[in-house]
$ cat protein-v2.cif   # mmCIF, C-alpha atoms and all ligand atoms
data_target
loop_
_atom_site.label_atom_id
_atom_site.label_comp_id
_atom_site.auth_asym_id
_atom_site.auth_seq_id
_atom_site.Cartn_x
_atom_site.Cartn_y
_atom_site.Cartn_z
CA MET U 18 -9.20 20.70 -4.22
CA SER U 19 -8.89 19.25 -0.71
CA LEU U 20 -5.85 20.31 1.35
CA GLU U 21 -5.64 16.96 3.04
CA HIS U 22 -5.41 13.47 1.62
CA VAL U 23 -5.89 10.15 3.35
CA ILE U 24 -3.82 7.38 1.81
CA LEU U 25 -4.00 3.72 2.77
CA PHE U 26 -1.08 1.28 2.58
CA ALA U 27 -2.31 -2.27 2.03
CA GLY U 28 -0.73 -5.58 1.11
CA PRO U 29 0.27 -8.87 2.69
CA MET U 30 2.34 -9.48 5.77
CA GLY U 31 5.94 -8.39 5.33
CA ALA U 32 5.39 -6.38 2.13
CA GLY U 33 6.80 -3.30 3.89
CA LYS U 34 3.78 -1.16 4.84
CA THR U 35 5.07 -0.17 8.30
CA THR U 36 8.59 0.34 6.91
CA ALA U 37 7.29 2.52 4.07
CA ILE U 38 5.23 4.75 6.37
CA SER U 39 8.20 5.26 8.69
CA SER U 40 10.42 6.06 5.67
CA ILE U 41 8.01 8.73 4.42
CA SER U 42 6.54 10.26 7.58
CA ASP U 43 7.85 13.58 8.83
CA ILE U 44 6.40 12.96 12.30
CA PRO U 45 7.21 9.98 14.58
CA ILE U 46 4.84 7.24 13.42
CA VAL U 47 2.20 5.49 15.49
CA MET U 48 2.83 1.75 15.30
CA THR U 49 0.99 -1.19 16.81
CA GLU U 50 3.59 -3.95 16.50
CA ALA U 51 3.19 -7.23 18.40
CA VAL U 52 5.15 -10.48 18.43
CA ASN U 53 4.63 -12.38 15.19
CA ASN U 54 3.08 -15.76 16.03
CA ASP U 55 2.64 -16.62 12.36
CA ILE U 56 6.27 -17.47 11.58
CA GLU U 57 5.13 -19.96 8.92
CA HIS U 58 3.67 -17.10 6.93
CA HIS U 59 6.55 -14.68 7.45
CA SER U 60 9.75 -14.95 9.49
CA LYS U 61 9.91 -11.36 10.78
CA ALA U 62 9.81 -10.79 14.55
CA THR U 63 6.81 -8.44 14.78
CA THR U 64 3.63 -7.68 12.87
CA THR U 65 1.09 -4.83 12.84
CA VAL U 66 -2.04 -5.70 14.83
CA ALA U 67 -4.20 -2.55 14.48
CA LEU U 68 -2.76 0.19 12.26
CA ASP U 69 0.18 2.41 11.43
CA TYR U 70 -0.14 6.17 11.19
CA GLY U 71 2.24 8.76 9.82
CA GLN U 72 1.97 12.01 7.92
CA LEU U 73 3.79 14.09 5.36
CA THR U 74 3.37 17.79 4.59
CA LEU U 75 3.97 18.53 0.91
CA ASN U 76 5.71 21.69 -0.36
CA ASP U 77 2.37 23.34 -1.14
CA GLY U 78 1.19 22.78 2.45
CA GLU U 79 -1.08 19.84 1.68
CA VAL U 80 -1.07 17.25 4.44
CA VAL U 81 -0.99 13.59 3.46
CA ARG U 82 -2.22 11.26 6.18
CA LEU U 83 -0.72 7.80 5.87
CA TYR U 84 -2.49 4.77 7.31
CA GLY U 85 -1.18 1.20 7.18
CA ILE U 86 -3.29 -1.92 7.56
CA PRO U 87 -2.26 -5.07 9.43
CA GLY U 88 -1.38 -7.59 6.67
CA GLN U 89 -2.88 -10.63 8.39
CA GLU U 90 -6.38 -11.44 7.10
CA ARG U 91 -7.66 -12.09 10.63
CA PHE U 92 -7.60 -8.30 11.06
CA GLU U 93 -9.84 -7.69 8.06
CA PHE U 94 -12.26 -5.77 10.28
CA MET U 95 -9.51 -3.09 10.61
CA TRP U 96 -9.16 -2.98 6.81
CA ARG U 97 -12.83 -2.05 6.55
CA ILE U 98 -12.48 0.70 9.18
CA LEU U 99 -9.32 2.17 7.65
CA GLU U 100 -10.52 2.25 4.06
CA THR U 101 -13.57 4.42 4.74
CA ARG U 102 -11.81 7.82 4.67
CA ALA U 103 -9.09 6.90 2.18
CA ALA U 104 -8.92 8.53 -1.25
CA GLY U 105 -5.96 6.51 -2.50
CA LEU U 106 -4.43 3.07 -2.13
CA ILE U 107 -0.77 2.10 -2.17
CA LEU U 108 -0.73 -1.65 -2.65
CA LEU U 109 2.64 -3.06 -1.61
CA LEU U 110 3.52 -6.58 -2.72
CA ASP U 111 6.47 -8.69 -1.59
CA ASN U 112 8.23 -10.13 -4.65
CA GLU U 113 9.68 -12.83 -2.38
CA ALA U 114 6.22 -14.12 -1.36
CA ARG U 115 5.07 -17.56 -2.54
CA ASP U 116 2.59 -16.09 -5.05
CA PRO U 117 2.65 -12.28 -5.23
CA ILE U 118 0.29 -12.27 -8.24
CA ALA U 119 -2.34 -14.05 -6.12
CA ASP U 120 -1.69 -11.38 -3.45
CA LEU U 121 -2.27 -8.69 -6.10
CA ASP U 122 -5.63 -10.28 -6.95
CA LEU U 123 -6.60 -10.75 -3.32
CA PHE U 124 -5.97 -7.15 -2.26
CA LEU U 125 -7.50 -5.61 -5.40
CA ASP U 126 -10.61 -7.69 -4.65
CA LYS U 127 -10.67 -6.87 -0.94
CA PHE U 128 -10.25 -3.14 -1.65
CA ARG U 129 -12.34 -2.97 -4.81
CA GLY U 130 -14.56 -0.25 -3.31
CA LEU U 131 -11.57 2.04 -2.75
CA CYS U 132 -10.08 1.10 -6.15
CA ARG U 133 -13.33 2.15 -7.82
CA ARG U 134 -13.83 5.45 -6.04
CA GLY U 135 -10.16 6.42 -5.55
CA ALA U 136 -6.74 6.02 -7.14
CA VAL U 137 -4.33 3.08 -6.88
CA VAL U 138 -0.60 2.50 -7.35
CA VAL U 139 1.29 -0.76 -6.86
CA GLY U 140 4.76 -0.97 -5.29
CA VAL U 141 6.68 -4.23 -5.59
CA THR U 142 9.23 -4.64 -2.79
CA ARG U 143 12.12 -7.02 -2.10
CA THR U 144 13.08 -7.37 -5.78
CA ASP U 145 16.70 -7.26 -4.57
CA VAL U 146 16.23 -10.58 -2.74
CA ALA U 147 13.79 -12.31 -5.14
CA ASP U 148 13.68 -11.96 -8.93
CA SER U 149 11.35 -14.87 -9.73
CA HIS U 150 8.56 -12.46 -10.73
CA PRO U 151 9.60 -9.82 -13.27
CA MET U 152 7.45 -6.68 -13.42
CA THR U 153 5.80 -7.99 -16.60
CA HIS U 154 3.91 -10.56 -14.49
CA TYR U 155 2.24 -7.72 -12.57
CA TYR U 156 1.55 -5.69 -15.74
CA ASP U 157 0.02 -8.73 -17.42
CA ARG U 158 -2.35 -9.46 -14.55
CA LEU U 159 -3.43 -5.81 -14.32
CA ARG U 160 -4.06 -5.78 -18.07
CA GLU U 161 -6.16 -8.96 -17.72
CA ARG U 162 -8.15 -7.16 -15.03
CA ARG U 163 -8.48 -4.12 -17.32
CA MET U 164 -6.92 -1.87 -14.70
CA HIS U 165 -4.63 1.03 -15.59
CA VAL U 166 -2.44 1.09 -12.51
CA PRO U 167 1.18 2.31 -12.31
CA VAL U 168 3.57 -0.34 -10.98
CA PHE U 169 6.86 0.67 -9.31
CA GLU U 170 9.74 -1.49 -8.16
CA VAL U 171 10.51 -0.01 -4.72
CA ASP U 172 12.47 -0.61 -1.57
CA ALA U 173 10.21 0.37 1.34
CA ARG U 174 13.31 1.44 3.30
CA ASP U 175 14.18 4.08 0.68
CA ARG U 176 12.48 7.42 1.42
CA GLN U 177 13.06 8.90 -2.04
CA GLN U 178 11.58 5.89 -3.85
CA MET U 179 8.58 5.86 -1.55
CA ILE U 180 8.02 9.62 -1.97
CA VAL U 181 7.93 9.15 -5.78
CA LEU U 182 5.29 6.43 -5.37
CA LEU U 183 3.25 8.55 -2.96
CA THR U 184 3.38 11.76 -4.99
CA THR U 185 2.30 9.84 -8.11
CA LEU U 186 -0.72 8.63 -6.18
CA VAL U 187 -1.49 12.08 -4.74
CA VAL U 188 -1.45 13.57 -8.25
CA MET U 189 -3.83 10.82 -9.41
CA VAL U 190 -6.14 11.56 -6.46
CA GLN U 191 -6.06 15.30 -7.27
CA MET U 192 -6.87 14.61 -10.94
CA ARG U 193 -9.80 12.46 -9.87
CA GLU U 194 -11.08 15.13 -7.50
CA THR U 195 -10.83 17.70 -10.31
CA GLU U 196 -12.80 15.39 -12.65
CA LEU U 197 -15.45 14.85 -9.98
CA GLY U 198 -15.51 18.54 -8.97
CA VAL U 199 -14.61 17.79 -5.31
CA GLU U 200 -13.74 20.97 -3.35
N1 LIG Z 1 15.77 -6.49 1.23
C1 LIG Z 1 14.69 -5.72 1.27
N2 LIG Z 1 14.00 -5.61 2.41
C2 LIG Z 1 12.91 -4.82 2.41
C3 LIG Z 1 12.47 -4.14 1.26
N3 LIG Z 1 11.33 -3.46 1.57
C4 LIG Z 1 11.09 -3.73 2.86
N4 LIG Z 1 12.03 -4.55 3.39
C5 LIG Z 1 12.10 -5.15 4.72
O1 LIG Z 1 10.99 -6.05 4.81
C6 LIG Z 1 10.39 -5.99 6.10
C7 LIG Z 1 8.97 -5.49 5.98
O2 LIG Z 1 8.38 -5.50 7.25
P1 LIG Z 1 7.16 -4.56 7.67
O3 LIG Z 1 7.41 -3.18 7.22
O4 LIG Z 1 6.92 -4.82 9.11
O5 LIG Z 1 6.01 -5.19 6.78
P2 LIG Z 1 4.43 -4.94 6.89
O6 LIG Z 1 3.93 -4.90 5.49
O7 LIG Z 1 4.16 -3.76 7.75
O8 LIG Z 1 3.92 -6.28 7.56
P3 LIG Z 1 2.65 -6.58 8.55
O9 LIG Z 1 2.44 -5.42 9.46
O10 LIG Z 1 3.06 -7.80 9.28
O11 LIG Z 1 1.47 -6.83 7.64
C8 LIG Z 1 11.29 -5.06 6.93
O12 LIG Z 1 12.24 -5.86 7.59
C9 LIG Z 1 11.96 -4.18 5.87
O13 LIG Z 1 13.20 -3.68 6.29
C10 LIG Z 1 13.22 -4.28 0.05
O14 LIG Z 1 12.90 -3.74 -1.02
N5 LIG Z 1 14.32 -5.09 0.12
MG MG Z 2 3.05 -3.55 9.45
#
$ encode --input "protein-v2.cif" --output "structure tokens" --more "lines below"
Ligand SMILES: Nc1nc2c(ncn2[C@@H]2O[C@H](COP(=O)(O)OP(=O)(O)OP(=O)(O)O)[C@@H](O)[C@H]2O)c(=O)[nH]1
Ligand SMILES: [Mg+2]
Amino acid sequence: MSLEHVILFAGPMGAGKTTAISSISDIPIVMTEAVNNDIEHHSKATTTVALDYGQLTLNDGEVVRLYGIPGQERFEFMWRILETRAAGLILLLDNEARDPIADLDLFLDKFRGLCRRGAVVVGVTRTDVADSHPMTHYYDRLRERRMHVPVFEVDARDRQQMIVLLTTLVVMVQMRETELGVE
């Protein structure tokens, strides 16, 4: 079993990737925030333009390296670079977005290589400010896609909630490595 895991946080602009990594990380995180010129898409002041990086050391000494993508599709070239070493995907979706189910489809399609070879969990954020999409909408779409993926309602600002999501994914990655006989 590997003593290090690389986990990628993906999802649309404003879903909470940078926030989640800073909630979880036990080192100061590397951020690449710049002024958000796409206010139409999301009203927040800044957006990630290259990557986020943080890390967490688990009780058993395993190191989890946490990378976050920029949500804007114009940075798709960074998505391709960041997914290469990843063994697991945390897909964060903003329940307040215009169509979070379309976002679910988009990111599962864009990261289908990682979904196939690794493990995936979905975290739905901002359910406290938008309840137009109950969790059943996400379950239904995943069932239609024949994907068995855990879905969690989370607040990216809440360290405990994010640690639960992350450890679920790490366990799934470890189970996969055991199945595949990865050392
Ligand atoms: N009310 C509420 N706010 C949340 C929740 N989760 C995250 N946020 C806020 O939503 C915003 C998310 O912003 P970021 O973390 O920059 O989002 P991002 O996914 O990194 O976005 P890009 O880098 O632009 O792709 C922050 O202001 C968070 O504080 C939640 O569950 N509820
Ligand atoms: Mg970000």
$ residues_near_ligand --input "protein-v2.cif" --ligand "ligand LIG 1 (chain Z)" --cutoff "9 Å" --atoms "all atoms listed in the file" --output "NGL selection string"
:U and (26-39 or 49-50 or 53 or 59 or 61-69 or 85-89 or 109-112 or 141-147 or 170-175)
$ residues_around --input "protein-v2.cif" --residues "Pro45 in chain U" --least-positions-apart "5" --cutoff "9 Å" --atoms "only C-alpha atoms" --output "number ranges by chain"
U: 39, 70-72
$ atom_distance --input "protein-v2.cif" --atom1 "CA of Leu20 in chain U" --atom2 "CA of Gly78 in chain U"
7.5 Å
$ closest_residue --input "protein-v2.cif" --among "U:Pro151, U:Pro167, U:Met189, U:Ile41" --to "Leu75 in chain U" --atoms "all atoms listed in the file"
U:Ile41
$ atom_distance --input "protein-v2.cif" --atom1 "CA of Val23 in chain U" --atom2 "CA of Arg158 in chain U"
26.8 Å
$ closest_residue --input "protein-v2.cif" --among "U:Arg102, U:Arg176, U:Arg163, U:His150" --to "Gly130 in chain U" --atoms "all atoms listed in the file"
U:Arg102
$ closest_residue --input "protein-v2.cif" --among "U:His22, U:Arg129, U:Arg115, U:Arg82" --to "Val47 in chain U" --atoms "all atoms listed in the file"
U:Arg82
$ closest_residue --input "protein-v2.cif" --among "U:Tyr155, U:Tyr84, U:Phe94, U:Phe169" --to "ligand MG 2 (chain Z)" --atoms "all atoms listed in the file"
U:Tyr84
$ residues_near_point --input "protein-v2.cif" --point "(6.8, 10.9, -3.4)" --cutoff "12 Å" --atoms "all atoms listed in the file" --output "PDB file with C-alpha atoms, in the coordinates of the input"
ATOM      1  CA  ALA U  37       7.290   2.520   4.070  1.00  0.00           C
ATOM      2  CA  ILE U  38       5.230   4.750   6.370  1.00  0.00           C
ATOM      3  CA  SER U  40      10.420   6.060   5.670  1.00  0.00           C
ATOM      4  CA  ILE U  41       8.010   8.730   4.420  1.00  0.00           C
ATOM      5  CA  SER U  42       6.540  10.260   7.580  1.00  0.00           C
ATOM      6  CA  LEU U  73       3.790  14.090   5.360  1.00  0.00           C
ATOM      7  CA  THR U  74       3.370  17.790   4.590  1.00  0.00           C
ATOM      8  CA  LEU U  75       3.970  18.530   0.910  1.00  0.00           C
ATOM      9  CA  ASN U  76       5.710  21.690  -0.360  1.00  0.00           C
ATOM     10  CA  VAL U  81      -0.990  13.590   3.460  1.00  0.00           C
ATOM     11  CA  ILE U 107      -0.770   2.100  -2.170  1.00  0.00           C
ATOM     12  CA  VAL U 138      -0.600   2.500  -7.350  1.00  0.00           C
ATOM     13  CA  PHE U 169       6.860   0.670  -9.310  1.00  0.00           C
ATOM     14  CA  VAL U 171      10.510  -0.010  -4.720  1.00  0.00           C
ATOM     15  CA  ASP U 175      14.180   4.080   0.680  1.00  0.00           C
ATOM     16  CA  ARG U 176      12.480   7.420   1.420  1.00  0.00           C
ATOM     17  CA  GLN U 177      13.060   8.900  -2.040  1.00  0.00           C
ATOM     18  CA  GLN U 178      11.580   5.890  -3.850  1.00  0.00           C
ATOM     19  CA  MET U 179       8.580   5.860  -1.550  1.00  0.00           C
ATOM     20  CA  ILE U 180       8.020   9.620  -1.970  1.00  0.00           C
ATOM     21  CA  VAL U 181       7.930   9.150  -5.780  1.00  0.00           C
ATOM     22  CA  LEU U 182       5.290   6.430  -5.370  1.00  0.00           C
ATOM     23  CA  LEU U 183       3.250   8.550  -2.960  1.00  0.00           C
ATOM     24  CA  THR U 184       3.380  11.760  -4.990  1.00  0.00           C
ATOM     25  CA  THR U 185       2.300   9.840  -8.110  1.00  0.00           C
ATOM     26  CA  LEU U 186      -0.720   8.630  -6.180  1.00  0.00           C
ATOM     27  CA  VAL U 187      -1.490  12.080  -4.740  1.00  0.00           C
ATOM     28  CA  VAL U 188      -1.450  13.570  -8.250  1.00  0.00           C
TER      29      VAL U 188
END
